[in-house]
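What follows is the content of query-v6.txt, which has compact mmCIF, C-alpha atoms:
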```txt
# COMPACT_ATOMS: atom_id res chain seq x y z
CA MET Z 254 -0.26 -9.20 -21.94
CA ALA Z 255 2.29 -11.68 -23.23
CA ARG Z 256 4.88 -11.07 -20.50
CA THR Z 257 2.41 -11.73 -17.67
CA GLU Z 258 0.24 -14.47 -19.13
CA LYS Z 259 2.01 -17.28 -17.22
CA ARG Z 260 1.65 -15.72 -13.77
CA PRO Z 261 -0.56 -17.51 -11.20
CA LEU Z 262 -3.57 -15.18 -11.41
CA PRO Z 263 -3.97 -15.19 -15.23
CA THR Z 264 -3.42 -18.95 -15.43
CA GLY Z 265 -6.09 -19.60 -12.81
CA GLU Z 266 -3.79 -21.11 -10.16
CA LEU Z 267 -5.04 -18.38 -7.81
CA ASN Z 268 -8.42 -16.69 -7.84
CA ALA Z 269 -8.96 -12.95 -7.52
CA THR Z 270 -10.65 -13.18 -4.12
CA ASN Z 271 -7.66 -14.92 -2.54
CA VAL Z 272 -5.22 -12.47 -4.10
CA ILE Z 273 -7.16 -9.40 -2.95
CA THR Z 274 -7.66 -10.84 0.54
CA PHE Z 275 -3.95 -11.58 0.88
CA ALA Z 276 -3.02 -8.10 -0.39
CA VAL Z 277 -5.40 -6.36 2.01
CA VAL Z 278 -4.29 -8.41 5.03
CA LEU Z 279 -0.63 -7.86 4.18
CA GLY Z 280 -1.12 -4.14 3.55
CA VAL Z 281 -3.10 -3.49 6.73
CA SER Z 282 -0.73 -5.59 8.84
CA PHE Z 283 2.34 -3.84 7.48
CA HIS Z 284 0.91 -0.37 7.96
CA ALA Z 285 -0.22 -1.14 11.52
CA TYR Z 286 3.27 -2.44 12.32
CA PHE Z 287 4.91 0.47 10.49
CA GLY Z 288 2.77 2.93 12.45
CA PHE Z 289 3.80 1.21 15.67
CA ILE Z 290 7.56 1.31 15.00
CA SER Z 291 7.62 4.76 13.40
CA GLN Z 292 5.31 7.75 13.28
CA TYR Z 293 1.66 7.25 12.41
CA LEU Z 294 1.83 10.13 9.94
CA THR Z 295 4.54 8.29 8.02
CA ALA Z 296 2.42 5.13 7.98
CA ILE Z 297 -0.63 7.05 6.76
CA LEU Z 298 1.28 8.77 3.98
CA THR Z 299 2.83 5.47 2.92
CA PHE Z 300 -0.63 3.89 2.87
CA LEU Z 301 -1.96 6.74 0.73
CA SER Z 302 0.84 6.26 -1.79
CA LEU Z 303 0.10 2.52 -1.89
CA PHE Z 304 -3.59 3.28 -2.39
CA GLY Z 305 -2.77 5.79 -5.14
CA TYR Z 306 -0.53 3.30 -6.89
CA ALA Z 307 -2.90 0.35 -6.59
CA ILE Z 308 -6.10 2.18 -7.50
CA PHE Z 309 -5.27 5.25 -9.54
CA TYR Z 310 -2.25 3.98 -11.45
CA THR Z 311 -2.93 0.26 -11.81
CA LEU Z 312 -6.66 0.33 -12.47
CA TYR Z 313 -6.90 3.57 -14.42
CA LEU Z 314 -3.68 5.00 -15.85
CA LYS Z 315 -2.15 1.78 -17.15
CA ARG Z 316 -5.08 1.39 -19.51
CA ALA Z 317 -5.86 5.04 -20.19
CA THR Z 318 -2.66 6.63 -21.44
CA PRO Z 319 0.72 5.76 -22.96
CA GLN Z 320 2.23 8.15 -20.40
CA ASN Z 321 1.42 5.68 -17.61
CA ILE Z 322 5.09 4.94 -16.87
CA VAL Z 323 5.95 8.61 -16.44
CA ILE Z 324 2.93 9.36 -14.27
CA GLY Z 325 3.27 6.09 -12.30
CA GLY Z 326 6.82 7.05 -11.39
CA ILE Z 327 5.38 9.72 -9.10
CA PHE Z 328 4.00 7.02 -6.80
CA VAL Z 329 7.13 4.87 -6.60
CA PRO Z 330 9.43 5.81 -3.71
CA HIS Z 331 12.90 6.80 -4.81
CA HIS Z 332 15.73 5.79 -2.53
CA ARG Z 333 19.15 7.37 -2.64
CA CYS Z 334 22.16 5.26 -1.80
```
Using the file provided, produce a representation of the structure as structure tokens.
Amino acid sequence: MARTEKRPLPTGELNATNVITFAVVLGVSFHAYFGFISQYLTAILTFLSLFGYAIFYTLYLKRATPQNIVIGGIFVPHHRC
């Protein structure tokens, strides 16, 4: 994709193993901390939405349908000011 071709992963500055390892460590650490400072149910549900976004939306829907933006919006938390 033209708009992402200069990012570190596509240019080879970072390899996929390092990126995935960092993402997993960060995700697990955050959710453990989040579960500690709030309710574990909240942390689990947040983790499931992250998993749904990362796996279902990013790996499947982005490539499978032009409706990916509409469907992906389900997984993005909406905050009201």
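Separating atom CA of Ala296 of chain Z from atom CA of Val278 of chain Z is a distance of 15.4 Å.
As for atom CA of Gln292 of chain Z and atom CA of Thr274 of chain Z, they are spaced 26.0 Å apart.
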Practice prompt. Could you please determine the separation between atom CA of Ala317 of chain Z and atom CA of Ala269 of chain Z in Å, to one decimal place?
Written response: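 Atom CA of Ala269 of chain Z lies 22.2 Å from atom CA of Ala317 of chain Z.
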Discussion item. Please list as a PyMOL selection string every residue within 12 Å of Pro263 of chain Z, counting only C-alpha atoms and excluding residues in the same chain fewer than 6 positions away.
Written reply: chain Z and resi 254-257+269+272
Output the selection as an mmCIF file, in the frame of the given file - C-alpha atoms for each residue.
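For reference, again.cif as written:
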```cif
data_model
loop_
_atom_site.group_PDB
_atom_site.id
_atom_site.type_symbol
_atom_site.label_atom_id
_atom_site.label_comp_id
_atom_site.auth_asym_id
_atom_site.auth_seq_id
_atom_site.Cartn_x
_atom_site.Cartn_y
_atom_site.Cartn_z
ATOM 1 C CA MET Z 254 -0.260 -9.200 -21.940
ATOM 2 C CA ALA Z 255 2.290 -11.680 -23.230
ATOM 3 C CA ARG Z 256 4.880 -11.070 -20.500
ATOM 4 C CA THR Z 257 2.410 -11.730 -17.670
ATOM 5 C CA ALA Z 269 -8.960 -12.950 -7.520
ATOM 6 C CA VAL Z 272 -5.220 -12.470 -4.100
#
```
Item to complete: Just the residues within 9 Å of segment 280-285 of chain Z, please, counting only C-alpha atoms, with nothing from its chain fewer than 2 positions along; format it as a list in words.
Response: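 Everything that qualifies: Phe275, Ala276, Val277, Val278, Phe287, Gly288, Phe289, Ile290, Tyr293, Ala296, Ile297, Thr299, Phe300 and Leu303 of chain Z.
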